[in-house]
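Participant: I'm passing along protein_10.csv; it holds CSV, C-alpha atoms and all ligand atoms.
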```csv
chain,number,residue,atom,x,y,z
A,1,MET,CA,20.1,17.4,5.4
A,2,CYS,CA,17.2,19.3,3.9
A,3,ALA,CA,17.5,23.0,4.4
A,4,MET,CA,14.7,24.1,6.8
A,5,ASN,CA,12.9,27.4,5.9
A,6,THR,CA,9.6,28.8,6.9
A,7,GLN,CA,8.0,27.1,3.9
A,8,ASN,CA,9.0,23.6,5.1
A,9,LYS,CA,6.3,24.0,7.7
A,10,MET,CA,3.8,23.7,4.9
A,11,ILE,CA,5.1,20.5,3.2
A,12,ILE,CA,3.3,17.2,2.7
A,13,ALA,CA,5.3,14.2,1.7
A,14,ILE,CA,3.4,11.3,0.1
A,15,ASP,CA,5.2,8.0,-0.7
A,16,GLY,CA,4.1,4.6,-1.7
A,17,PRO,CA,4.4,1.9,-4.4
A,18,ALA,CA,3.0,2.0,-7.9
A,19,ALA,CA,-0.7,2.5,-8.4
A,20,SER,CA,-1.2,2.9,-4.6
A,21,GLY,CA,-3.3,6.0,-5.2
A,22,LYS,CA,-0.6,8.4,-4.0
A,23,GLY,CA,-0.6,10.5,-7.2
A,24,THR,CA,-4.4,10.9,-7.2
A,25,LEU,CA,-4.3,11.9,-3.6
A,26,ALA,CA,-1.4,14.3,-4.0
A,27,ARG,CA,-3.2,16.1,-6.9
A,28,ALA,CA,-6.5,16.3,-5.0
A,29,LEU,CA,-4.9,17.6,-1.8
A,30,ALA,CA,-2.8,20.1,-3.7
A,31,LYS,CA,-6.0,21.5,-5.4
A,32,LYS,CA,-7.9,21.6,-2.2
A,33,LEU,CA,-5.1,23.3,-0.2
A,34,ASN,CA,-3.7,25.5,-3.0
A,35,PHE,CA,-0.3,23.8,-2.6
A,36,ALA,CA,2.1,23.3,-5.5
A,37,HIS,CA,2.5,19.6,-6.5
A,38,MET,CA,5.5,17.8,-7.8
A,39,ASP,CA,5.1,14.2,-9.1
A,40,THR,CA,8.7,13.1,-8.6
A,41,GLY,CA,8.1,9.8,-10.3
A,42,ALA,CA,7.7,11.8,-13.5
A,43,LEU,CA,11.3,12.9,-13.2
A,44,TYR,CA,12.6,9.4,-13.1
A,45,ARG,CA,10.2,8.4,-16.0
A,46,ALA,CA,11.3,11.4,-18.0
A,47,THR,CA,15.0,10.5,-17.5
A,48,ALA,CA,14.4,7.0,-18.7
A,49,PHE,CA,12.4,8.3,-21.6
A,50,GLU,CA,15.2,10.7,-22.6
A,51,LEU,CA,17.7,7.9,-22.5
A,52,ILE,CA,15.6,5.4,-24.5
A,53,GLY,CA,14.7,8.2,-27.0
A,54,SER,CA,18.4,8.7,-27.6
A,55,GLY,CA,18.8,5.0,-28.4
A,56,LEU,CA,20.7,4.4,-25.2
A,57,SER,CA,20.3,1.7,-22.5
A,58,THR,CA,19.2,2.2,-18.9
A,59,ARG,CA,22.0,-0.3,-18.0
A,60,ASP,CA,24.6,2.4,-18.5
A,61,LYS,CA,25.0,4.5,-15.3
A,62,LYS,CA,26.9,7.3,-17.0
A,63,ASP,CA,24.4,7.7,-19.8
A,64,ALA,CA,21.6,7.7,-17.2
A,65,VAL,CA,23.3,10.5,-15.2
A,66,ASP,CA,23.8,12.5,-18.5
A,67,ALA,CA,20.1,12.0,-19.3
A,68,ALA,CA,19.1,13.2,-15.8
A,69,GLN,CA,21.3,16.3,-16.3
A,70,ILE,CA,19.9,17.1,-19.7
A,71,LEU,CA,16.4,16.8,-18.2
A,72,VAL,CA,17.2,19.1,-15.3
A,73,LYS,CA,18.6,21.7,-17.8
A,74,LYS,CA,15.4,21.4,-20.0
A,75,ILE,CA,13.2,21.9,-17.0
A,76,ASN,CA,15.2,24.8,-15.7
A,77,ASN,CA,15.1,26.5,-19.1
A,78,ALA,CA,11.5,25.8,-19.9
A,79,GLN,CA,8.8,28.5,-19.8
A,80,GLN,CA,6.3,25.8,-18.8
A,81,PRO,CA,8.4,23.1,-17.0
A,82,ALA,CA,5.2,21.1,-16.3
A,83,ASP,CA,4.7,20.5,-20.0
A,84,ILE,CA,7.9,18.4,-20.2
A,85,LEU,CA,6.5,16.1,-17.5
A,86,ASP,CA,3.0,16.1,-18.9
A,87,ASN,CA,3.9,13.8,-21.8
A,88,ALA,CA,1.5,10.8,-22.1
A,89,SER,CA,4.3,8.5,-23.2
A,90,LEU,CA,5.9,8.8,-19.8
A,91,ARG,CA,2.9,6.9,-18.3
A,92,GLU,CA,3.6,3.7,-20.3
A,93,ASP,CA,4.3,0.7,-18.1
A,94,ARG,CA,7.6,0.0,-19.9
A,95,ILE,CA,8.8,3.5,-19.0
A,96,GLY,CA,7.9,2.9,-15.3
A,97,LEU,CA,9.9,-0.3,-15.4
A,98,GLU,CA,12.9,1.4,-17.0
A,99,ALA,CA,12.6,4.3,-14.6
A,100,SER,CA,13.0,2.0,-11.6
A,101,LYS,CA,16.3,0.8,-13.1
A,102,ILE,CA,17.9,4.2,-13.4
A,103,ALA,CA,16.3,5.2,-10.0
A,104,ALA,CA,18.7,2.8,-8.3
A,105,TYR,CA,21.7,4.8,-9.5
A,106,PRO,CA,22.8,7.1,-6.6
A,107,ARG,CA,24.2,9.8,-9.0
A,108,VAL,CA,20.9,9.9,-10.9
A,109,ARG,CA,19.1,10.4,-7.6
A,110,GLU,CA,21.6,13.2,-6.6
A,111,VAL,CA,21.0,15.1,-9.9
A,112,LEU,CA,17.2,14.8,-9.5
A,113,ARG,CA,17.3,15.6,-5.8
A,114,ALA,CA,18.6,19.1,-6.5
A,115,LEU,CA,15.6,19.8,-8.6
A,116,GLN,CA,13.2,18.5,-5.9
A,117,ARG,CA,15.0,20.5,-3.2
A,118,SER,CA,14.8,23.7,-5.2
A,119,PHE,CA,11.0,23.1,-5.7
A,120,LEU,CA,10.8,22.7,-1.9
A,121,GLU,CA,12.6,26.0,-1.3
A,122,ASN,CA,10.5,27.8,-3.9
A,123,PRO,CA,7.2,26.0,-4.9
A,124,GLY,CA,6.1,29.0,-6.9
A,125,LYS,CA,4.3,32.3,-6.4
A,126,GLY,CA,0.8,32.1,-5.0
A,127,PHE,CA,1.0,28.7,-3.4
A,128,ALA,CA,0.5,28.1,0.3
A,129,GLY,CA,2.8,25.1,0.4
A,130,ALA,CA,4.1,22.1,-1.4
A,131,ILE,CA,3.2,18.5,-1.9
A,132,LEU,CA,5.6,16.0,-3.4
A,133,ASP,CA,4.8,12.4,-4.1
A,134,GLY,CA,7.3,9.6,-4.8
A,135,ARG,CA,9.2,6.9,-3.0
A,136,ASP,CA,11.8,8.7,-0.8
A,137,ILE,CA,10.1,12.1,0.0
A,138,GLY,CA,9.5,11.5,3.7
A,139,THR,CA,12.8,9.7,4.2
A,140,VAL,CA,15.3,11.7,2.0
A,141,ILE,CA,13.8,14.7,0.2
A,142,ALA,CA,11.7,16.3,2.9
A,143,PRO,CA,12.5,14.6,6.2
A,144,SER,CA,11.2,17.6,8.2
A,145,ALA,CA,7.8,17.6,6.5
A,146,PRO,CA,5.2,17.9,9.2
A,147,LEU,CA,2.9,15.5,7.4
A,148,LYS,CA,4.2,12.3,5.8
A,149,LEU,CA,1.8,9.8,4.3
A,150,PHE,CA,2.7,6.3,3.0
A,151,VAL,CA,-0.1,5.1,0.8
A,152,THR,CA,-0.2,1.4,0.1
A,153,ALA,CA,-2.5,-1.4,-1.1
A,154,SER,CA,-2.0,-5.1,-2.0
A,155,VAL,CA,0.0,-5.7,-5.2
A,156,GLU,CA,-3.1,-7.5,-6.7
A,157,VAL,CA,-5.3,-4.5,-6.1
A,158,ARG,CA,-2.7,-2.2,-7.5
A,159,ALA,CA,-2.2,-4.3,-10.6
A,160,GLU,CA,-6.0,-4.3,-11.2
A,161,ARG,CA,-6.1,-0.5,-10.9
A,162,ARG,CA,-3.1,-0.1,-13.3
A,163,LEU,CA,-4.7,-2.6,-15.8
A,164,LYS,CA,-7.9,-0.5,-15.9
A,165,GLU,CA,-5.9,2.7,-16.2
A,166,LEU,CA,-3.8,1.4,-19.2
A,167,GLN,CA,-6.9,-0.2,-20.8
A,168,SER,CA,-8.8,3.1,-20.6
A,169,LYS,CA,-5.9,4.6,-22.7
A,170,GLY,CA,-6.5,1.9,-25.3
A,171,LEU,CA,-3.4,-0.1,-24.5
A,172,ALA,CA,-3.5,-3.8,-25.1
A,173,VAL,CA,-2.2,-5.2,-21.7
A,174,THR,CA,-3.0,-8.3,-19.6
A,175,TYR,CA,-3.5,-8.5,-15.9
A,176,GLY,CA,-0.6,-11.1,-15.7
A,177,ALA,CA,1.9,-8.9,-17.4
A,178,VAL,CA,0.9,-5.8,-15.3
A,179,LEU,CA,1.2,-7.8,-12.1
A,180,LYS,CA,4.6,-9.2,-13.1
A,181,ASP,CA,6.0,-5.7,-13.9
A,182,MET,CA,4.6,-4.3,-10.7
A,183,ARG,CA,6.2,-7.1,-8.6
A,184,GLU,CA,9.5,-6.5,-10.3
A,185,ARG,CA,9.3,-2.8,-9.7
A,186,ASP,CA,8.3,-3.2,-6.1
A,187,THR,CA,11.2,-5.5,-5.4
A,188,ARG,CA,13.7,-3.2,-7.2
A,189,ASP,CA,12.4,-0.1,-5.4
A,190,THR,CA,12.4,-1.7,-2.0
A,191,GLU,CA,15.7,-3.5,-2.2
A,192,ARG,CA,17.9,-0.9,-3.8
A,193,LYS,CA,20.6,0.6,-1.6
A,194,ALA,CA,20.0,4.2,-2.6
A,195,ALA,CA,17.0,5.7,-1.0
A,196,PRO,CA,14.9,2.5,-0.9
A,197,MET,CA,11.1,2.8,-0.8
A,198,LYS,CA,10.0,2.7,2.9
A,199,PRO,CA,7.8,4.6,5.2
A,200,ALA,CA,9.5,7.3,7.3
A,201,ASP,CA,9.4,6.5,11.0
A,202,ASP,CA,6.9,9.2,11.6
A,203,ALA,CA,4.8,8.5,8.4
A,204,VAL,CA,1.1,7.7,8.7
A,205,ILE,CA,0.4,4.5,6.7
A,206,VAL,CA,-2.8,4.7,4.7
A,207,ASP,CA,-4.1,1.4,3.1
A,208,SER,CA,-6.1,2.5,0.0
A,209,SER,CA,-7.4,-1.0,-0.8
A,210,ASP,CA,-10.9,-0.3,0.5
A,211,LEU,CA,-11.0,3.5,0.2
A,212,ASP,CA,-12.1,5.5,-2.8
A,213,ALA,CA,-10.5,8.8,-3.9
A,214,GLY,CA,-13.0,10.9,-1.9
A,215,GLN,CA,-12.4,8.9,1.3
A,216,MET,CA,-8.6,9.1,0.9
A,217,LEU,CA,-8.9,12.9,0.5
A,218,GLU,CA,-11.1,13.2,3.5
A,219,LYS,CA,-8.6,11.2,5.6
A,220,ALA,CA,-5.6,13.2,4.4
A,221,MET,CA,-7.4,16.6,4.9
A,222,PHE,CA,-8.1,15.6,8.5
A,223,LEU,CA,-4.4,14.9,9.0
A,224,ALA,CA,-3.3,18.0,7.1
A,225,LYS,CA,-5.5,20.3,9.3
A,226,GLU,CA,-4.1,18.6,12.4
A,227,ARG,CA,-0.4,18.5,11.5
A,228,LEU,CA,-0.1,21.7,9.5
A,229,LYS,CA,-2.4,23.6,11.8
A,230,LEU,CA,-4.5,24.8,8.9
A,301,LIG,O1,3.1,6.1,-11.0
A,301,LIG,P1,3.8,5.0,-10.4
A,301,LIG,O2,3.6,4.9,-9.0
A,301,LIG,O3,3.7,3.7,-11.2
A,301,LIG,O4,5.4,5.2,-10.6
A,301,LIG,P2,6.1,6.6,-10.5
A,301,LIG,O5,5.8,7.3,-9.2
A,301,LIG,O6,5.9,7.4,-11.7
A,301,LIG,O7,7.7,6.1,-10.4
A,301,LIG,C1,8.3,5.4,-11.4
A,301,LIG,C2,9.6,4.9,-10.8
A,301,LIG,O8,10.5,5.9,-10.4
A,301,LIG,C3,9.4,4.1,-9.5
A,301,LIG,O9,9.2,2.7,-9.7
A,301,LIG,C4,10.7,4.3,-8.8
A,301,LIG,O10,11.7,3.4,-9.2
A,301,LIG,C5,11.2,5.7,-9.3
A,301,LIG,N1,11.0,6.7,-8.3
A,301,LIG,C6,11.9,6.8,-7.3
A,301,LIG,O11,12.9,6.1,-7.2
A,301,LIG,N2,11.9,7.9,-6.4
A,301,LIG,C7,10.8,8.7,-6.4
A,301,LIG,N3,10.8,9.7,-5.5
A,301,LIG,C8,9.9,8.6,-7.4
A,301,LIG,C9,9.9,7.6,-8.3
```
Write out the structure in this file as structure tokens.
Facilitator:
Amino acid sequence: MCAMNTQNKMIIAIDGPAASGKGTLARALAKKLNFAHMDTGALYRATAFELIGSGLSTRDKKDAVDAAQILVKKINNAQQPADILDNASLREDRIGLEASKIAAYPRVREVLRALQRSFLENPGKGFAGAILDGRDIGTVIAPSAPLKLFVTASVEVRAERRLKELQSKGLAVTYGAVLKDMRERDTRDTERKAAPMKPADDAVIVDSSDLDAGQMLEKAMFLAKERLKL
């Protein structure tokens, strides 16, 4: 159970599959509402990156747990924890794919869960609340959040978006390869036993296929005002 404190009344949980627009929405909402934001996917990506950087495989559960623990220590000891997760290499498609492998290990999730819960307890001075985006925020990390959004779009639309994003960074990728990786990741994230990706029972489903970032923000702001009584 997630500890309930006064701050939990000001929490927004945003979940959804890769390239659904949840990260863009979370960042825009956080800015607009002066809420702290945590991109929880970056924690899984950074764990996979740590592991691969040490020459280890994401197939080994114990090594993956060690990597998650090392990452948590680094973040807890850092002057600017955000800098650790702000690494452009974490955004590579292959890191996303490897992240989804270690994200299926319950012990890895447990280690990273503690970090997410402490963020929920203390999002930082000067913030009015907290927004977390990921796959299990509404179901596991913050089940008492008053506003839960599940942002989605067809896999084809999402692959097209991710292709443009990667190409804009100068990476040589093809639509077919991005689509294949995305399908593989969706299946792994949805079918795993530990905290599978799914909307919470009380989540509002937002299909972003035909909405631009501004329209998404408008919709979410309307819901935030209603549910958080802003
Ligand atoms: O940015 P994108 O949506 O492509 O992925 P991400 O949010 O950075 O997440 C990378 C991977 O981490 C996902 O495919 C999930 O396997 C895992 N993840 C998770 O299991 N739980 C979370 N709360 C966040 C991410």
Participant: Tell me which of A:Leu163, A:Val155, A:Ala28, A:Ile75 sits closest to A:Glu184, counting all atoms listed in the file.
Facilitator: A:Val155
Participant: Would you please work out which residue, of A:Ile131, A:Ala19, A:Met38, A:Leu149, is nearest to ligand LIG 301 (chain A) when using only C-alpha atoms and all ligand atoms?
Facilitator: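 The answer is A:Ala19, which sits nearest to ligand LIG 301 (chain A).
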Participant: Do you have the atom CA of A:Lys193-atom CA of A:Tyr105 distance handy?
Facilitator: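 These two atoms are separated by 9.0 Å.
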Participant: Quick one: residues within 7 Å of ligand LIG 301 (chain A), with all atoms listed in the file, as a compact mmCIF listing (two decimals) with C-alpha atoms, in the frame of the given file?
Facilitator:
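Saved result, out.txt, follows:
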```
# COMPACT_ATOMS: atom_id res chain seq x y z
CA PRO A 17 4.40 1.90 -4.40
CA ALA A 18 3.00 2.00 -7.90
CA ALA A 19 -0.70 2.50 -8.40
CA SER A 20 -1.20 2.90 -4.60
CA GLY A 23 -0.60 10.50 -7.20
CA ASP A 39 5.10 14.20 -9.10
CA THR A 40 8.70 13.10 -8.60
CA GLY A 41 8.10 9.80 -10.30
CA ALA A 42 7.70 11.80 -13.50
CA TYR A 44 12.60 9.40 -13.10
CA ARG A 45 10.20 8.40 -16.00
CA GLY A 96 7.90 2.90 -15.30
CA LEU A 97 9.90 -0.30 -15.40
CA ALA A 99 12.60 4.30 -14.60
CA SER A 100 13.00 2.00 -11.60
CA LYS A 101 16.30 0.80 -13.10
CA ALA A 103 16.30 5.20 -10.00
CA ALA A 104 18.70 2.80 -8.30
CA ASP A 133 4.80 12.40 -4.10
CA GLY A 134 7.30 9.60 -4.80
CA ARG A 135 9.20 6.90 -3.00
CA ASP A 136 11.80 8.70 -0.80
CA ILE A 137 10.10 12.10 0.00
CA ARG A 185 9.30 -2.80 -9.70
CA ASP A 186 8.30 -3.20 -6.10
CA ASP A 189 12.40 -0.10 -5.40
```
Participant: Rank nothing, just name the residue among A:Pro106, A:Phe35, A:Ala200, A:Ile11 nearest to A:Pro146, using all atoms listed in the file.
Facilitator: A:Ile11
Participant: For A:Ala46, list every protein, DNA or RNA residue within 12 Å, evaluated using only C-alpha atoms, and leave out those in the same chain fewer than 3 positions away; present the list as an NGL selection string.
Facilitator: :A and (39-43 or 49-53 or 64 or 67-72 or 74-75 or 82-92 or 95-96 or 98-100 or 102-103 or 112)
Participant: Of the candidates A:Leu115, A:Asp212, A:Leu166, A:Arg188, which shows the shortest atom-to-atom distance to A:Lys73, using all atoms listed in the file?
Facilitator: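 The answer is A:Leu115, which sits nearest to A:Lys73.
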